[in-house]
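Novice: Just passing along the structure, written as C-alpha coordinates.
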There are 2 protein chains.
Amino acid sequence: MMYTLLMAKAHTGVSLDLLFRALADPTRLRLLNLIADREICVCYFVEILKTSQPKISRHLAYLRKAGIVAARREGKWMHYRLAVPRDEVAAKILRETLGHLRGKPEMQRDIARLSSVCCAPQKFVLLQGAPQPALVPTS
Amino acid sequence: MMYTLLMAKAHTGVSLDLLFRALADPTRLRLLNLIADREICVCYFVEILKTSQPKISRHLAYLRKAGIVAARREGKWMHYRLAVPRDEVAAKILRETLGHLRGKPEMQRDIARLSSVCCAPQKFVLLQGAPQPALVPTS
DNA sequence: ACATCATATCCGTCTTGACATATATGTGGG
DNA sequence: CCCACATATATGTCAAGACGGATATGATGT
(Lines give C-alpha, C1' and ligand atoms only; values in the text may rest on other atoms or scores of the structure.)
Protein backbone atom coordinates (compact mmCIF):
# COMPACT_ATOMS: atom_id res chain seq x y z
CA MET A 1 0.00 0.00 0.00
CA MET A 2 2.91 2.33 0.61
CA TYR A 3 5.10 3.91 -2.03
CA THR A 4 2.37 3.34 -4.53
CA LEU A 5 3.46 6.24 -6.66
CA LEU A 6 6.83 4.71 -7.33
CA MET A 7 5.46 1.22 -7.66
CA ALA A 8 2.91 2.33 -10.18
CA LYS A 9 5.43 3.43 -12.77
CA ALA A 10 8.35 1.18 -11.92
CA HIS A 11 7.72 -1.19 -14.81
CA THR A 12 7.63 1.52 -17.44
CA GLY A 13 11.13 2.67 -16.65
CA VAL A 14 12.15 5.59 -14.52
CA SER A 15 10.89 8.98 -15.54
CA LEU A 16 13.01 11.84 -14.32
CA ASP A 17 10.95 12.99 -11.39
CA LEU A 18 10.67 9.41 -10.13
CA LEU A 19 14.43 9.06 -10.22
CA PHE A 20 14.71 12.26 -8.23
CA ARG A 21 12.17 10.97 -5.74
CA ALA A 22 14.31 7.91 -5.22
CA LEU A 23 17.39 10.07 -4.70
CA ALA A 24 15.64 12.48 -2.35
CA ASP A 25 16.58 10.76 0.89
CA PRO A 26 19.90 10.69 2.75
CA THR A 27 19.63 7.03 3.73
CA ARG A 28 19.04 5.99 0.15
CA LEU A 29 21.94 8.10 -1.03
CA ARG A 30 24.21 6.36 1.47
CA LEU A 31 22.98 2.98 0.31
CA LEU A 32 23.51 3.88 -3.32
CA ASN A 33 27.00 5.11 -2.61
CA LEU A 34 27.87 1.76 -1.06
CA ILE A 35 26.20 -0.19 -3.83
CA ALA A 36 27.69 1.93 -6.57
CA ASP A 37 30.63 -0.25 -7.49
CA ARG A 38 30.22 -3.51 -5.67
CA GLU A 39 27.66 -6.20 -5.10
CA ILE A 40 27.07 -6.19 -1.40
CA CYS A 41 24.75 -7.95 0.98
CA VAL A 42 22.28 -6.39 3.37
CA CYS A 43 24.04 -7.23 6.62
CA TYR A 44 26.85 -4.84 5.68
CA PHE A 45 24.40 -1.97 5.31
CA VAL A 46 23.03 -2.66 8.76
CA GLU A 47 26.52 -2.70 10.23
CA ILE A 48 27.77 0.38 8.39
CA LEU A 49 24.75 2.67 8.57
CA LYS A 50 24.02 1.58 12.13
CA THR A 51 20.30 1.78 11.60
CA SER A 52 17.56 -0.77 11.96
CA GLN A 53 17.39 -3.64 9.50
CA PRO A 54 13.74 -3.03 8.53
CA LYS A 55 14.52 0.57 7.74
CA ILE A 56 17.32 -0.42 5.42
CA SER A 57 15.27 -3.16 3.88
CA ARG A 58 12.48 -0.72 3.12
CA HIS A 59 14.76 1.78 1.47
CA LEU A 60 16.27 -1.01 -0.58
CA ALA A 61 12.78 -2.06 -1.63
CA TYR A 62 12.13 1.52 -2.62
CA LEU A 63 15.24 1.59 -4.77
CA ARG A 64 14.41 -1.80 -6.25
CA LYS A 65 10.92 -0.70 -7.22
CA ALA A 66 12.37 2.45 -8.69
CA GLY A 67 14.52 0.23 -10.91
CA ILE A 68 17.80 1.61 -9.59
CA VAL A 69 19.10 -1.48 -7.84
CA ALA A 70 18.66 -5.19 -8.37
CA ALA A 71 18.84 -8.04 -5.87
CA ARG A 72 20.10 -11.60 -6.01
CA ARG A 73 19.60 -14.23 -3.36
CA GLU A 74 22.43 -16.51 -2.31
CA GLY A 75 21.35 -18.79 0.48
CA LYS A 76 20.39 -16.68 3.43
CA TRP A 77 21.95 -13.59 1.95
CA MET A 78 20.57 -11.02 -0.41
CA HIS A 79 23.09 -9.28 -2.63
CA TYR A 80 22.31 -5.87 -4.00
CA ARG A 81 23.88 -4.27 -7.01
CA LEU A 82 23.30 -1.21 -9.12
CA ALA A 83 20.79 -1.45 -11.97
CA VAL A 84 21.33 1.25 -14.52
CA PRO A 85 17.94 2.56 -15.68
CA ARG A 86 16.99 1.98 -19.30
CA ASP A 87 16.13 5.63 -19.72
CA GLU A 88 19.35 7.17 -20.98
CA VAL A 89 18.80 10.50 -19.28
CA ALA A 90 18.02 8.89 -15.94
CA ALA A 91 21.04 6.64 -16.28
CA LYS A 92 23.34 9.56 -16.88
CA ILE A 93 22.03 11.58 -13.98
CA LEU A 94 22.34 8.57 -11.73
CA ARG A 95 25.93 7.96 -12.78
CA GLU A 96 26.81 11.59 -12.23
CA THR A 97 25.13 11.67 -8.88
CA LEU A 98 27.04 8.61 -7.74
CA GLY A 99 30.24 10.24 -8.94
CA HIS A 100 29.48 13.34 -6.92
CA LEU A 101 28.61 11.33 -3.84
CA ARG A 102 32.04 9.77 -3.95
CA GLY A 103 33.51 13.16 -3.12
CA LYS A 104 31.39 13.75 -0.02
CA PRO A 105 33.17 13.17 3.31
CA GLU A 106 30.19 11.39 4.83
CA MET A 107 30.14 8.96 1.95
CA GLN A 108 33.85 8.38 2.11
CA ARG A 109 33.43 7.56 5.77
CA ASP A 110 30.91 4.89 4.86
CA ILE A 111 33.31 3.36 2.36
CA ALA A 112 36.07 3.44 4.96
CA ARG A 113 33.81 1.67 7.43
CA LEU A 114 33.07 -0.90 4.78
CA SER A 115 36.75 -1.59 4.31
CA SER A 116 37.44 -2.01 7.99
CA VAL A 117 34.38 -4.21 8.39
CA CYS A 118 35.45 -6.39 5.50
CA CYS A 119 38.98 -6.81 6.86
CA ALA A 120 37.76 -8.12 10.18
CA PRO A 121 34.26 -9.49 9.74
CA GLN A 122 34.71 -11.76 12.76
CA LYS A 123 34.59 -8.68 14.96
CA PHE A 124 30.99 -7.99 13.99
CA VAL A 125 28.35 -10.36 15.20
CA LEU A 126 26.12 -9.50 12.29
CA LEU A 127 28.73 -10.48 9.76
CA GLN A 128 29.79 -13.95 10.92
CA GLY A 129 30.25 -15.89 7.71
CA ALA A 130 28.69 -13.21 5.57
CA PRO A 131 29.93 -13.22 1.98
CA GLN A 132 32.40 -10.48 1.09
CA PRO A 133 31.24 -7.69 -1.19
CA ALA A 134 32.49 -8.12 -4.74
CA LEU A 135 33.65 -5.23 -6.85
CA VAL A 136 31.69 -4.80 -10.03
CA PRO A 137 33.07 -3.46 -13.31
CA THR A 138 32.32 0.26 -13.36
CA SER A 139 29.41 0.80 -15.71
CA MET B 1 3.83 25.38 8.52
CA MET B 2 4.25 23.82 5.12
CA TYR B 3 7.54 23.01 3.48
CA THR B 4 9.26 23.41 6.83
CA LEU B 5 11.99 20.95 6.01
CA LEU B 6 13.03 22.88 2.97
CA MET B 7 12.70 26.22 4.71
CA ALA B 8 14.84 25.08 7.59
CA LYS B 9 17.90 24.40 5.48
CA ALA B 10 17.39 26.83 2.65
CA HIS B 11 19.80 29.38 4.07
CA THR B 12 22.65 26.91 4.54
CA GLY B 13 22.76 26.02 0.87
CA VAL B 14 21.17 23.05 -0.81
CA SER B 15 22.27 19.64 0.34
CA LEU B 16 21.93 16.97 -2.29
CA ASP B 17 18.79 15.26 -1.11
CA LEU B 18 17.03 18.62 -0.78
CA LEU B 19 17.90 19.45 -4.35
CA PHE B 20 16.47 16.12 -5.41
CA ARG B 21 13.34 16.82 -3.40
CA ALA B 22 12.89 20.04 -5.31
CA LEU B 23 13.35 18.23 -8.62
CA ALA B 24 11.03 15.37 -7.71
CA ASP B 25 7.88 16.82 -9.18
CA PRO B 26 6.77 17.08 -12.82
CA THR B 27 5.26 20.54 -12.42
CA ARG B 28 8.45 21.91 -10.91
CA LEU B 29 10.51 20.34 -13.68
CA ARG B 30 8.34 22.05 -16.27
CA LEU B 31 8.72 25.37 -14.46
CA LEU B 32 12.47 24.95 -14.22
CA ASN B 33 12.71 24.12 -17.88
CA LEU B 34 10.93 27.36 -18.74
CA ILE B 35 12.98 29.37 -16.28
CA ALA B 36 16.25 27.79 -17.30
CA ASP B 37 17.47 30.43 -19.69
CA ARG B 38 15.16 33.36 -19.41
CA GLU B 39 13.66 35.62 -16.80
CA ILE B 40 9.96 35.11 -17.07
CA CYS B 41 6.90 36.27 -15.21
CA VAL B 42 4.28 34.13 -13.53
CA CYS B 43 1.40 34.78 -15.88
CA TYR B 44 3.24 32.91 -18.63
CA PHE B 45 3.47 29.82 -16.47
CA VAL B 46 -0.26 29.91 -15.87
CA GLU B 47 -0.92 30.23 -19.58
CA ILE B 48 1.57 27.58 -20.68
CA LEU B 49 1.07 24.91 -18.04
CA LYS B 50 -2.70 25.49 -18.04
CA THR B 51 -2.94 24.86 -14.33
CA SER B 52 -4.26 26.95 -11.50
CA GLN B 53 -2.35 30.04 -10.47
CA PRO B 54 -2.11 29.07 -6.77
CA LYS B 55 -0.62 25.72 -7.71
CA ILE B 56 2.06 27.37 -9.79
CA SER B 57 2.72 29.97 -7.15
CA ARG B 58 3.20 27.28 -4.56
CA HIS B 59 5.67 25.32 -6.64
CA LEU B 60 7.56 28.52 -7.33
CA ALA B 61 7.68 29.21 -3.61
CA TYR B 62 9.03 25.71 -3.11
CA LEU B 63 11.79 26.29 -5.64
CA ARG B 64 12.53 29.69 -4.12
CA LYS B 65 12.89 28.27 -0.65
CA ALA B 66 15.08 25.52 -2.04
CA GLY B 67 17.35 28.25 -3.38
CA ILE B 68 16.97 27.16 -6.99
CA VAL B 69 15.12 30.18 -8.35
CA ALA B 70 15.01 33.85 -7.42
CA ALA B 71 12.24 36.37 -7.90
CA ARG B 72 12.16 40.06 -8.74
CA ARG B 73 9.12 42.29 -8.61
CA GLU B 74 8.42 44.76 -11.37
CA GLY B 75 5.16 46.54 -10.77
CA LYS B 76 2.39 43.99 -10.67
CA TRP B 77 4.57 41.32 -12.16
CA MET B 78 6.93 38.89 -10.53
CA HIS B 79 9.85 37.78 -12.64
CA TYR B 80 11.49 34.47 -11.90
CA ARG B 81 14.97 33.44 -12.86
CA LEU B 82 17.33 30.61 -12.12
CA ALA B 83 19.49 30.84 -9.01
CA VAL B 84 22.46 28.53 -9.22
CA PRO B 85 23.02 26.95 -5.79
CA ARG B 86 26.24 27.79 -3.97
CA ASP B 87 26.98 24.12 -3.42
CA GLU B 88 29.13 23.16 -6.38
CA VAL B 89 27.81 19.61 -6.60
CA ALA B 90 24.20 20.72 -6.46
CA ALA B 91 24.88 23.38 -9.06
CA LYS B 92 26.37 20.87 -11.45
CA ILE B 93 23.56 18.39 -11.06
CA LEU B 94 21.02 21.15 -11.58
CA ARG B 95 22.74 22.33 -14.74
CA GLU B 96 22.92 18.82 -16.10
CA THR B 97 19.31 18.14 -15.27
CA LEU B 98 18.21 21.28 -17.07
CA GLY B 99 20.28 20.25 -20.03
CA HIS B 100 18.60 16.86 -20.10
CA LEU B 101 15.15 18.35 -19.76
CA ARG B 102 15.77 20.35 -22.89
CA GLY B 103 15.76 17.11 -24.86
CA LYS B 104 12.41 15.89 -23.60
CA PRO B 105 9.48 16.30 -26.01
CA GLU B 106 7.11 17.50 -23.31
CA MET B 107 9.55 20.21 -22.35
CA GLN B 108 10.11 21.25 -25.93
CA ARG B 109 6.37 21.57 -26.30
CA ASP B 110 6.31 23.98 -23.37
CA ILE B 111 9.02 26.08 -24.96
CA ALA B 112 7.12 26.06 -28.22
CA ARG B 113 3.99 27.20 -26.45
CA LEU B 114 6.02 29.96 -24.84
CA SER B 115 7.17 31.16 -28.22
CA SER B 116 3.70 31.24 -29.71
CA VAL B 117 2.33 32.93 -26.64
CA CYS B 118 5.03 35.57 -26.78
CA CYS B 119 4.41 36.30 -30.45
CA ALA B 120 0.76 37.04 -29.90
CA PRO B 121 0.22 37.96 -26.28
CA GLN B 122 -2.91 39.92 -27.15
CA LYS B 123 -4.63 36.61 -27.84
CA PHE B 124 -4.37 35.59 -24.20
CA VAL B 125 -6.44 37.45 -21.66
CA LEU B 126 -3.98 36.65 -18.93
CA LEU B 127 -1.11 38.24 -20.79
CA GLN B 128 -2.51 41.67 -21.70
CA GLY B 129 0.42 44.01 -21.25
CA ALA B 130 2.58 41.41 -19.53
CA PRO B 131 6.29 42.01 -19.92
CA GLN B 132 8.07 39.74 -22.37
CA PRO B 133 10.43 37.12 -21.02
CA ALA B 134 14.07 38.12 -21.36
CA LEU B 135 16.78 35.70 -22.30
CA VAL B 136 19.50 35.39 -19.70
CA PRO B 137 23.16 34.65 -20.42
CA THR B 138 23.55 30.89 -20.14
CA SER B 139 25.23 30.13 -16.84
C1' DA C 1 15.24 -23.88 15.78
C1' DC C 2 18.08 -20.10 13.95
C1' DA C 3 19.78 -16.63 10.82
C1' DT C 4 18.86 -13.25 7.19
C1' DC C 5 15.89 -10.46 5.14
C1' DA C 6 11.13 -8.67 3.86
C1' DT C 7 6.69 -6.92 4.82
C1' DA C 8 2.65 -5.14 7.74
C1' DT C 9 1.03 -1.81 10.84
C1' DC C 10 0.86 2.35 13.49
C1' DC C 11 1.87 7.10 13.85
C1' DG C 12 3.43 11.64 13.07
C1' DT C 13 4.90 14.66 9.36
C1' DC C 14 5.23 16.29 4.65
C1' DT C 15 3.30 16.95 0.14
C1' DT C 16 -0.10 18.22 -3.17
C1' DG C 17 -4.17 19.94 -5.16
C1' DA C 18 -8.46 22.66 -4.81
C1' DC C 19 -10.57 26.45 -3.12
C1' DA C 20 -10.93 30.65 -0.72
C1' DT C 21 -8.79 34.68 0.77
C1' DA C 22 -5.03 37.95 1.51
C1' DT C 23 -1.42 41.06 -0.16
C1' DA C 24 0.77 44.25 -3.33
C1' DT C 25 0.62 47.27 -7.05
C1' DG C 26 -1.64 50.09 -10.62
C1' DT C 27 -5.63 53.09 -12.11
C1' DG C 28 -9.42 56.15 -12.27
C1' DG C 29 -12.74 59.27 -9.85
C1' DG C 30 -13.78 62.46 -6.31
C1' DC D 1 -4.55 62.72 -1.74
C1' DC D 2 -7.89 59.10 -0.67
C1' DC D 3 -10.92 55.81 -2.16
C1' DA D 4 -12.76 52.15 -4.53
C1' DC D 5 -11.63 48.68 -7.78
C1' DA D 6 -9.04 45.75 -10.97
C1' DT D 7 -4.92 42.93 -11.72
C1' DA D 8 -1.06 39.89 -10.45
C1' DT D 9 0.63 37.03 -7.21
C1' DA D 10 0.94 34.88 -2.60
C1' DT D 11 -0.80 32.44 1.30
C1' DG D 12 -4.27 29.92 4.47
C1' DT D 13 -7.06 25.92 4.98
C1' DC D 14 -8.70 21.50 4.26
C1' DA D 15 -8.60 16.72 2.64
C1' DA D 16 -6.20 12.92 0.58
C1' DG D 17 -2.37 10.66 0.03
C1' DA D 18 2.78 9.69 0.40
C1' DC D 19 6.75 9.32 3.29
C1' DG D 20 9.86 7.80 7.14
C1' DG D 21 10.86 5.68 11.45
C1' DA D 22 9.79 2.21 14.92
C1' DT D 23 8.06 -2.11 16.13
C1' DA D 24 6.10 -6.52 15.36
C1' DT D 25 5.49 -10.33 12.43
C1' DG D 26 6.17 -13.18 8.22
C1' DA D 27 9.00 -15.58 4.69
C1' DT D 28 12.92 -18.10 3.21
C1' DG D 29 16.97 -20.73 3.57
C1' DT D 30 20.43 -23.62 6.71
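Naming scheme: A, B, ... for chains in displayed order of the C-alpha coordinates; residues 1 onward per chain; ligands 1 onward as shown.
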Check every residue of chain C for an atom within 8 Å of chain A, counting only C-alpha atoms (C1' of nucleotides), and provide those that qualify as a PDB file with N, CA and C atoms (P, O5', C5', C4', C3', O3' and C1' of nucleotides), in the first residue's frame.

Specialist:
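Done, and the output landed in selection.pdb:
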```
ATOM      1  P    DA C   3      20.789 -17.424  15.703  1.00  0.00           P
ATOM      2  O5'  DA C   3      20.995 -16.963  14.202  1.00  0.00           O
ATOM      3  C5'  DA C   3      21.893 -17.694  13.375  1.00  0.00           C
ATOM      4  C4'  DA C   3      21.745 -17.229  11.948  1.00  0.00           C
ATOM      5  C3'  DA C   3      21.747 -15.703  11.812  1.00  0.00           C
ATOM      6  O3'  DA C   3      22.644 -15.331  10.786  1.00  0.00           O
ATOM      7  C1'  DA C   3      19.783 -16.629  10.822  1.00  0.00           C
ATOM      8  P    DT C   4      22.886 -13.790  10.505  1.00  0.00           P
ATOM      9  O5'  DT C   4      21.910 -13.514   9.286  1.00  0.00           O
ATOM     10  C5'  DT C   4      22.148 -14.168   8.055  1.00  0.00           C
ATOM     11  C4'  DT C   4      21.118 -13.756   7.050  1.00  0.00           C
ATOM     12  C3'  DT C   4      20.965 -12.238   6.886  1.00  0.00           C
ATOM     13  O3'  DT C   4      21.098 -11.936   5.512  1.00  0.00           O
ATOM     14  C1'  DT C   4      18.860 -13.254   7.190  1.00  0.00           C
ATOM     15  P    DC C   5      21.271 -10.425   5.053  1.00  0.00           P
ATOM     16  O5'  DC C   5      19.763 -10.069   4.706  1.00  0.00           O
ATOM     17  C5'  DC C   5      19.141 -10.779   3.634  1.00  0.00           C
ATOM     18  C4'  DC C   5      17.647 -10.628   3.705  1.00  0.00           C
ATOM     19  C3'  DC C   5      17.104  -9.214   3.508  1.00  0.00           C
ATOM     20  O3'  DC C   5      16.584  -9.138   2.193  1.00  0.00           O
ATOM     21  C1'  DC C   5      15.886 -10.463   5.145  1.00  0.00           C
ATOM     22  P    DA C   6      15.792  -7.846   1.710  1.00  0.00           P
ATOM     23  O5'  DA C   6      14.287  -8.192   2.103  1.00  0.00           O
ATOM     24  C5'  DA C   6      13.675  -9.309   1.508  1.00  0.00           C
ATOM     25  C4'  DA C   6      12.205  -9.358   1.890  1.00  0.00           C
ATOM     26  C3'  DA C   6      11.420  -8.098   1.557  1.00  0.00           C
ATOM     27  O3'  DA C   6      10.252  -8.497   0.858  1.00  0.00           O
ATOM     28  C1'  DA C   6      11.131  -8.667   3.857  1.00  0.00           C
TER      29       DA C   6
END
```

Novice: Could you give me, as CSV, every chain D residue with an atom at most 8 Å from chain B, plus its closest atom pair and distance in Å to one decimal, counting only C-alpha atoms (C1' of nucleotides), rows ordered by chain then number?

Specialist:
```
residue,atom,partner,partner_atom,distance
D:DT7,C1',B:Lys76,CA,7.5
D:DA8,C1',B:Lys76,CA,5.4
D:DT9,C1',B:Ser57,CA,7.4
D:DA10,C1',B:Ser57,CA,6.9
```

Novice: Would you save the residues from that selection as a PDB file, in the first residue's frame, using N, CA, C and O atoms (P, O5', C5', C4', C3', O3' and C1' of nucleotides)?

Specialist:
```
ATOM      1  P    DT D   7      -9.438  43.188 -14.258  1.00  0.00           P
ATOM      2  O5'  DT D   7      -7.883  43.069 -13.949  1.00  0.00           O
ATOM      3  C5'  DT D   7      -7.026  44.168 -14.197  1.00  0.00           C
ATOM      4  C4'  DT D   7      -5.615  43.811 -13.750  1.00  0.00           C
ATOM      5  C3'  DT D   7      -5.246  42.345 -13.971  1.00  0.00           C
ATOM      6  O3'  DT D   7      -3.936  42.288 -14.484  1.00  0.00           O
ATOM      7  C1'  DT D   7      -4.918  42.934 -11.721  1.00  0.00           C
ATOM      8  P    DA D   8      -3.312  40.889 -14.995  1.00  0.00           P
ATOM      9  O5'  DA D   8      -2.296  40.547 -13.816  1.00  0.00           O
ATOM     10  C5'  DA D   8      -1.172  41.401 -13.604  1.00  0.00           C
ATOM     11  C4'  DA D   8      -0.364  40.880 -12.444  1.00  0.00           C
ATOM     12  C3'  DA D   8      -0.042  39.381 -12.525  1.00  0.00           C
ATOM     13  O3'  DA D   8       1.353  39.209 -12.300  1.00  0.00           O
ATOM     14  C1'  DA D   8      -1.061  39.894 -10.453  1.00  0.00           C
ATOM     15  P    DT D   9       1.950  37.733 -12.413  1.00  0.00           P
ATOM     16  O5'  DT D   9       1.945  37.291 -10.882  1.00  0.00           O
ATOM     17  C5'  DT D   9       2.695  38.069  -9.956  1.00  0.00           C
ATOM     18  C4'  DT D   9       2.340  37.681  -8.551  1.00  0.00           C
ATOM     19  C3'  DT D   9       2.661  36.238  -8.161  1.00  0.00           C
ATOM     20  O3'  DT D   9       3.801  36.283  -7.319  1.00  0.00           O
ATOM     21  C1'  DT D   9       0.625  37.027  -7.207  1.00  0.00           C
ATOM     22  P    DA D  10       4.315  34.982  -6.572  1.00  0.00           P
ATOM     23  O5'  DA D  10       3.547  35.039  -5.168  1.00  0.00           O
ATOM     24  C5'  DA D  10       3.692  36.177  -4.352  1.00  0.00           C
ATOM     25  C4'  DA D  10       2.950  35.991  -3.049  1.00  0.00           C
ATOM     26  C3'  DA D  10       3.287  34.713  -2.282  1.00  0.00           C
ATOM     27  O3'  DA D  10       3.547  35.060  -0.932  1.00  0.00           O
ATOM     28  C1'  DA D  10       0.943  34.880  -2.596  1.00  0.00           C
TER      29       DA D  10
END
```

Novice: Select, as a PyMOL selection string, those residues of chain A with any atom no more than 6 Å from chain B (distances computed using only C-alpha atoms).

Specialist: chain A and resi 17+20-21+24-25

Novice: I'd like the contact shell of DA4 (chain D) - 12 Å cut-off, only C-alpha atoms (C1' of nucleotides), skipping same-chain residues fewer than 6 positions apart - returned as a ChimeraX atom specification.

Specialist: /C:27-30
